[in-house]
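Worksheet: the structure to be examined is printed underneath.
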Amino acid sequence: MLARIRRWVVRHRLELALVAPMATYVFGLTLWPVCKAIFWSFSNQAGELTLANYRQLFGDSRFASAFLNTVFIVVVGTFSELCFGLFLAWCLARNFKLRGLVRSLLLVPMGVPTLVSAINFMYVFDNSGYLNELLIKTGLATQPINWASGGLRTLLMVVAADMWKVTPSVMLILLAGLESIPEQLYEAAAVDGATPWQTFRRIVLPLLKPAITTAVIIRGIDAFRIFELPLVLAGRNTPFLATFAYDEYQTYHNIHTSGAASTVLLVLILVFAVLYLKAAKEGDDLA
Amino acid sequence: MVKLRKVTALALSLLLTGAVLAGCGKGNQQQTGSGGEQGGQSQEQRTLNVVMGLGEEEWQVMREKIFPKFEQENNVKINAYQVEASQVVQQLEAMKNAGKMEIDLITQDNMHLPVLVNKGLVEDLTEYKHLIPDTAIPGVVQVGEFGGKTYFLPYRPNVEINYYNEAKFNEYGLQPPKTWDELLQVAKTFHEKEGVGKVGLKLNMAGDMVIQIVEFIYQAGGDPLKLNDEGSVKAFNFLKELYPYLNPDSAKADWNTTNRFIAQDSFYLAANWPFGVGIIVRDGGKKEIKAYGGWSGPVKAAKLLGGESIAIPVGAPNKDLALKFAEYLMSKEVQETLAAELAWPSYRTDAYAKVEDWQKPYFEAINEAMKNAVPRPPVLYWDELNKAITDAFREIVLEGKDTKATLDKYAEVVRQAAAKYGE
């Protein structure tokens, strides 16, 4: 057995050497910290195994709030980004003047660091920000609206900021899907007298399904990890799973509860990741 | 050709692996290399690794006016690193666990001291207490004492002063509030006249907020360690009453953003640390922003003593030199420079000779606040207390739950935390 392993190692030494840097990187900077966080979540300060951290977590109203807020962002945010991204992709799939320039401009938010975009939106949603100024000047509001006061309006503020940042990536995925639909199908639909809505409903949407699935899953995974935007825009009044874990670790130095919150987040992301892999496989089959 | 490609790929791969391993390895060489051979100085020159959490302007003063003299006199190169107070614990813990402490001295935020003692990360400096001069403010020295032992040497006391916009106060015929009743009245008046609250508190659900709540509790004669006594109940009830008249930006106000909110006229009245004087008044030109010592509660005036203290990490490689540097930082000469250049209050009563005229009213406010300053309770369960106060605030003030019942619940949490640490 040992001899076989040795032979295998000798035969694949080059491949192993090539894989080593990435393996070291992934193991050292991803797998090991993740395993450690999971271990912390199931242990106490004395290093004994316990479920107390999870009991504490699930009895904490702030965690429940963080969980619901995160789910809201995933569902509403992803859906909004998908609708808006599809609309933009649909527009960009047409031929019009300056299409290249418009496409480039629409991709700009992808190059802006999340923290910078959060600061930009802080100027928009501040009490003395541009949005309140606009609402007051147009008579839609008499007093500045406190967008960070918590509840639905704060969540919608975060969704709006998140949409600006990530819709271009959704748009790109959907645009690639749209451009892969053969032109002849549109021509055939036109010959048969289909309206634009019928063409969209009966031809575009079904053929775009793999791209939509991919976009939804990729965005879903990403949305679970939302961190900088709510922290900057909403402060700690509106917790999310990632900001909750950060707070437990950073503010209260409680690595065990932080580890438990991170593990819950990891499980949620893994569920999404599994769905993504499944969907991607189905997408390949469809292709 | 194929063989050459394979050899090149293998070499690059090994190089990358080596780089990853080197990156995870020690950074010691880089530190000594930056100072040890500089300027062709003596090979015996030593290196002192120091960790501080300072702003850009503060670093400039340190590097240009504080470090050079010590370096010259002791033939030492100071490698100073910027580490935020909240990160210091993790950094020291990692070095200690790795058995390779590389830091010789830290200056740490007074609000983060107990966890350092609790985790056994700093040296017991009781035998060096004689280095503290007689002119030190006693309360500042007490901040560094835990369980009768001195772990931290005084260096930079700090106390929040109350900034107010004199022009706006004059416009509405108001005076800076000296009592809770006046504070509520001022908050209501601004709210009524401007349509939005103009009094700001730091209610960011983090340490800044807890400092202010603890001050309110002390002002009402309460004890934050009990949390459900009469004074604590009074303090939370008052915050509940005051909250609707506060500026909404209070939720995002911390030690940093408060300066911006004051400078941009979001807040006409707010407490913050004295470093804001340089930013708001000197750099921002907002001369209408004045300061005073603060308001009293139903029982007394009280401010929480903040600032930074000096500590030496357990296993520091140059402990003797670090102690010498600590003594230098505590000297009258250094303290005078820091007061004049950075408007830092001094822990010494004899260090204000170099303060400029325009700064004097603000230093008067600092001294007024310092008179009422009380050290934060030196308990090892501060993190748990911090969380309990934050959660209690959320439930009572934001969610409108019953004050006494909620405080009873969190008083029990605090009691259990105290018991866990044997206090």
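In the structure tokens, the first chain shown is A, the next is B, and so on; residue numbers restart at 1 for each chain, and ligands run from 1 in the order shown.
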inquiry  = Within 9 Å of chain B, which residues belong to chain A? Use only C-alpha atoms and report them as a PyMOL selection string.
reply    = chain A and resi 14-15+17-22+24-25+62+126-128+142-144+146+148-149+232-237+247+250-254
Given the selection you just returned, output its residues as a file containing C-alpha atoms, formatted as a compact mmCIF listing (two decimals), in the first residue's frame.
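Just written: result-v6.txt:
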```
# COMPACT_ATOMS: atom_id res chain seq x y z
CA LEU A 14 5.02 17.80 -10.73
CA GLU A 15 1.25 18.09 -10.37
CA ALA A 17 4.24 20.65 -6.64
CA LEU A 18 2.03 22.84 -8.80
CA VAL A 19 -0.98 22.35 -6.56
CA ALA A 20 1.00 22.94 -3.35
CA PRO A 21 0.91 26.79 -3.24
CA MET A 22 -2.84 27.00 -3.74
CA THR A 24 -1.30 25.76 1.30
CA TYR A 25 -3.15 29.02 0.74
CA ARG A 62 -30.57 40.45 18.47
CA ASP A 126 -27.79 60.91 5.78
CA ASN A 127 -30.32 63.05 7.61
CA SER A 128 -28.88 66.04 5.83
CA THR A 142 -41.53 68.22 5.47
CA GLN A 143 -38.89 66.84 7.81
CA PRO A 144 -35.73 64.83 7.11
CA ASN A 146 -34.17 59.05 9.42
CA ALA A 148 -31.16 54.47 9.60
CA SER A 149 -33.81 54.35 12.33
CA VAL A 232 -21.69 51.94 7.58
CA LEU A 233 -25.23 52.87 6.56
CA ALA A 234 -27.36 51.43 9.35
CA GLY A 235 -24.87 51.26 12.21
CA ARG A 236 -25.29 48.57 14.84
CA ASN A 237 -28.98 49.27 15.34
CA ASP A 247 -19.67 42.58 17.00
CA GLN A 250 -14.69 42.67 18.12
CA THR A 251 -16.78 44.55 20.67
CA TYR A 252 -17.44 41.92 23.30
CA HIS A 253 -14.40 39.68 22.71
CA ASN A 254 -16.67 36.64 22.72
```
task = Enumerate as a PyMOL selection string all residues of stretch 155-307 of chain B assigned to strand (DSSP E or B) by DSSP on the backbone, naming them with the chain letters and numbers the document uses.
result = chain B and resi 155-158+161-165+179+199-200+246+269-272+289-292+296+301+303-307
query = So which residues touch A:Val274 within 12 Å, counting only C-alpha atoms, skipping near sequence neighbours fewer than 6 positions away, as JSON, numbers by chain?
reply = {"A": [217, 218, 220, 221, 267, 268, 280, 281]}
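Taking atom CA of B:Pro114 and atom CA of B:Leu380 as endpoints, the distance between them is 5.0 Å.
For B:Glu333, the set of protein, DNA and RNA residues having any atom at most 12 Å away, when counting only C-alpha atoms and skipping those fewer than 6 positions along the same chain, is Lys65, Ile66, Lys69, Phe70, Glu327, Ala339, Ala340, Ser346, Arg348, Asp350, Ala351, Tyr352, Ala353 and Lys354 of chain B.
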message = Residues near stretch 66-76 of chain A, anyone? I mean within 8 Å using only C-alpha atoms, not counting same-chain ones fewer than 6 positions away, as a list of chain:residue names.
response = A:Leu155, A:Val158, A:Val159, A:Arg219, A:Gly220, A:Ala223, A:Phe224, A:Ile226, A:Thr238, A:Pro239, A:Phe240, A:Leu241, A:Phe244
Keeping N, CA, C and O atoms for every residue in the selection just given, could you write it to a file as a tab-separated table (two decimals), in the first residue's frame?
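File selection_9.tsv, as written:
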```tsv
chain	number	residue	atom	x	y	z
A	155	LEU	N	-33.85	48.63	6.00
A	155	LEU	CA	-33.54	47.47	5.15
A	155	LEU	C	-33.62	47.85	3.68
A	155	LEU	O	-32.77	47.44	2.87
A	158	VAL	N	-30.54	49.69	2.66
A	158	VAL	CA	-29.41	48.78	2.41
A	158	VAL	C	-29.59	48.07	1.07
A	158	VAL	O	-28.63	47.92	0.30
A	159	VAL	N	-30.84	47.66	0.78
A	159	VAL	CA	-31.11	47.00	-0.50
A	159	VAL	C	-30.75	47.94	-1.66
A	159	VAL	O	-30.10	47.53	-2.63
A	219	ARG	N	-25.67	35.53	-6.33
A	219	ARG	CA	-26.03	36.71	-5.55
A	219	ARG	C	-26.53	36.31	-4.16
A	219	ARG	O	-26.30	37.01	-3.18
A	220	GLY	N	-27.26	35.20	-4.10
A	220	GLY	CA	-27.78	34.75	-2.81
A	220	GLY	C	-26.65	34.48	-1.83
A	220	GLY	O	-26.66	34.94	-0.70
A	223	ALA	N	-25.13	37.74	-0.86
A	223	ALA	CA	-25.99	38.58	-0.02
A	223	ALA	C	-25.98	38.12	1.44
A	223	ALA	O	-26.11	38.93	2.35
A	224	PHE	N	-25.81	36.83	1.67
A	224	PHE	CA	-25.74	36.35	3.04
A	224	PHE	C	-24.56	36.97	3.79
A	224	PHE	O	-24.59	37.15	4.98
A	226	ILE	N	-23.35	39.94	3.50
A	226	ILE	CA	-23.35	41.41	3.48
A	226	ILE	C	-22.82	41.95	4.81
A	226	ILE	O	-23.20	41.48	5.89
A	238	THR	N	-29.23	47.98	13.33
A	238	THR	CA	-29.85	46.97	12.47
A	238	THR	C	-28.82	45.87	12.20
A	238	THR	O	-28.01	45.99	11.30
A	239	PRO	N	-28.84	44.83	13.02
A	239	PRO	CA	-27.79	43.80	12.86
A	239	PRO	C	-28.06	42.84	11.69
A	239	PRO	O	-29.22	42.61	11.32
A	240	PHE	N	-27.01	42.31	11.13
A	240	PHE	CA	-27.07	41.24	10.13
A	240	PHE	C	-26.16	40.12	10.65
A	240	PHE	O	-25.36	40.36	11.56
A	241	LEU	N	-26.27	38.94	10.06
A	241	LEU	CA	-25.49	37.83	10.62
A	241	LEU	C	-24.00	38.13	10.67
A	241	LEU	O	-23.34	37.87	11.67
A	244	PHE	N	-23.31	40.82	13.23
A	244	PHE	CA	-23.52	40.27	14.56
A	244	PHE	C	-22.28	39.50	15.02
A	244	PHE	O	-21.77	39.69	16.12
```
inquiry  = If DSSP is run on the backbone, what residues of stretch 67-244 of chain A are alpha helix (DSSP H)? A reply as a PyMOL selection string would be ideal.
reply    = chain A and resi 67-72+78-92+99-111+114-125+130-137+152-179+183-191+196-199+205-224+228-233+241-244
task = Identify, on the basis of only C-alpha atoms, every residue whose closest approach to A:Ala118 does not exceed 12 Å; exclude the query and any residue fewer than 2 positions from it along the same chain; express the result as a PyMOL selection string.
result = chain A and resi 109+112-116+120-126+157-165+226-235
Produce a file of the selected residues containing N, CA and C atoms, as a short mmCIF file (atom, residue, chain, number, x, y, z; two decimals), in the first residue's frame.
```cif
data_model
loop_
_atom_site.label_atom_id
_atom_site.label_comp_id
_atom_site.auth_asym_id
_atom_site.auth_seq_id
_atom_site.Cartn_x
_atom_site.Cartn_y
_atom_site.Cartn_z
N PRO A 109 -19.83 50.61 -11.12
CA PRO A 109 -19.98 50.24 -9.70
C PRO A 109 -19.23 48.97 -9.31
N VAL A 112 -15.91 49.78 -7.87
CA VAL A 112 -15.84 50.62 -6.67
C VAL A 112 -15.82 49.72 -5.43
N PRO A 113 -14.84 49.89 -4.54
CA PRO A 113 -14.82 49.07 -3.32
C PRO A 113 -16.11 49.26 -2.52
N THR A 114 -16.57 48.17 -1.91
CA THR A 114 -17.85 48.22 -1.19
C THR A 114 -17.86 49.32 -0.13
N LEU A 115 -16.74 49.47 0.55
CA LEU A 115 -16.68 50.47 1.61
C LEU A 115 -16.86 51.88 1.04
N VAL A 116 -16.26 52.10 -0.13
CA VAL A 116 -16.37 53.41 -0.76
C VAL A 116 -17.83 53.65 -1.19
N ASN A 120 -20.40 56.63 -0.13
CA ASN A 120 -21.18 57.41 -1.10
C ASN A 120 -22.65 57.45 -0.71
N PHE A 121 -23.18 56.27 -0.36
CA PHE A 121 -24.60 56.21 -0.01
C PHE A 121 -24.89 56.85 1.34
N MET A 122 -23.85 56.97 2.15
CA MET A 122 -24.05 57.68 3.42
C MET A 122 -24.40 59.14 3.13
N TYR A 123 -23.75 59.69 2.11
CA TYR A 123 -24.05 61.08 1.73
C TYR A 123 -25.47 61.18 1.15
N VAL A 124 -25.94 60.10 0.56
CA VAL A 124 -27.30 60.12 -0.01
C VAL A 124 -28.35 60.00 1.10
N PHE A 125 -28.13 59.04 2.01
CA PHE A 125 -29.17 58.72 2.99
C PHE A 125 -28.99 59.38 4.35
N ASP A 126 -27.96 60.19 4.52
CA ASP A 126 -27.79 60.91 5.78
C ASP A 126 -29.02 61.77 6.06
N MET A 157 -33.11 50.78 2.48
CA MET A 157 -31.94 51.62 2.20
C MET A 157 -30.73 50.73 1.87
N VAL A 158 -30.54 49.69 2.66
CA VAL A 158 -29.41 48.78 2.41
C VAL A 158 -29.59 48.07 1.07
N VAL A 159 -30.84 47.66 0.78
CA VAL A 159 -31.11 47.00 -0.50
C VAL A 159 -30.75 47.94 -1.66
N ALA A 160 -31.15 49.21 -1.54
CA ALA A 160 -30.88 50.18 -2.61
C ALA A 160 -29.37 50.32 -2.84
N ALA A 161 -28.63 50.45 -1.74
CA ALA A 161 -27.17 50.61 -1.86
C ALA A 161 -26.53 49.34 -2.44
N ASP A 162 -27.03 48.20 -1.99
CA ASP A 162 -26.49 46.93 -2.46
C ASP A 162 -26.80 46.73 -3.96
N MET A 163 -27.99 47.16 -4.34
CA MET A 163 -28.39 47.04 -5.75
C MET A 163 -27.44 47.81 -6.66
N TRP A 164 -27.11 49.03 -6.24
CA TRP A 164 -26.22 49.87 -7.05
C TRP A 164 -24.88 49.18 -7.26
N LYS A 165 -24.44 48.51 -6.20
CA LYS A 165 -23.11 47.91 -6.25
C LYS A 165 -23.08 46.61 -7.07
N ILE A 226 -23.35 39.94 3.50
CA ILE A 226 -23.35 41.41 3.48
C ILE A 226 -22.82 41.95 4.81
N PHE A 227 -21.91 42.91 4.72
CA PHE A 227 -21.23 43.35 5.93
C PHE A 227 -21.00 44.87 5.97
N GLU A 228 -20.16 45.35 5.05
CA GLU A 228 -19.76 46.77 5.12
C GLU A 228 -20.93 47.72 4.95
N LEU A 229 -21.79 47.42 3.96
CA LEU A 229 -22.89 48.36 3.68
C LEU A 229 -23.78 48.60 4.89
N PRO A 230 -24.32 47.54 5.52
CA PRO A 230 -25.17 47.82 6.68
C PRO A 230 -24.41 48.42 7.85
N LEU A 231 -23.15 48.01 8.01
CA LEU A 231 -22.39 48.54 9.15
C LEU A 231 -22.20 50.05 9.01
N VAL A 232 -21.91 50.50 7.79
CA VAL A 232 -21.69 51.94 7.58
C VAL A 232 -23.03 52.68 7.52
N LEU A 233 -23.99 52.13 6.80
CA LEU A 233 -25.23 52.87 6.56
C LEU A 233 -26.21 52.79 7.74
N ALA A 234 -26.33 51.62 8.31
CA ALA A 234 -27.36 51.43 9.35
C ALA A 234 -26.79 51.40 10.76
N GLY A 235 -25.47 51.34 10.88
CA GLY A 235 -24.87 51.26 12.21
C GLY A 235 -25.20 49.92 12.84
#
```
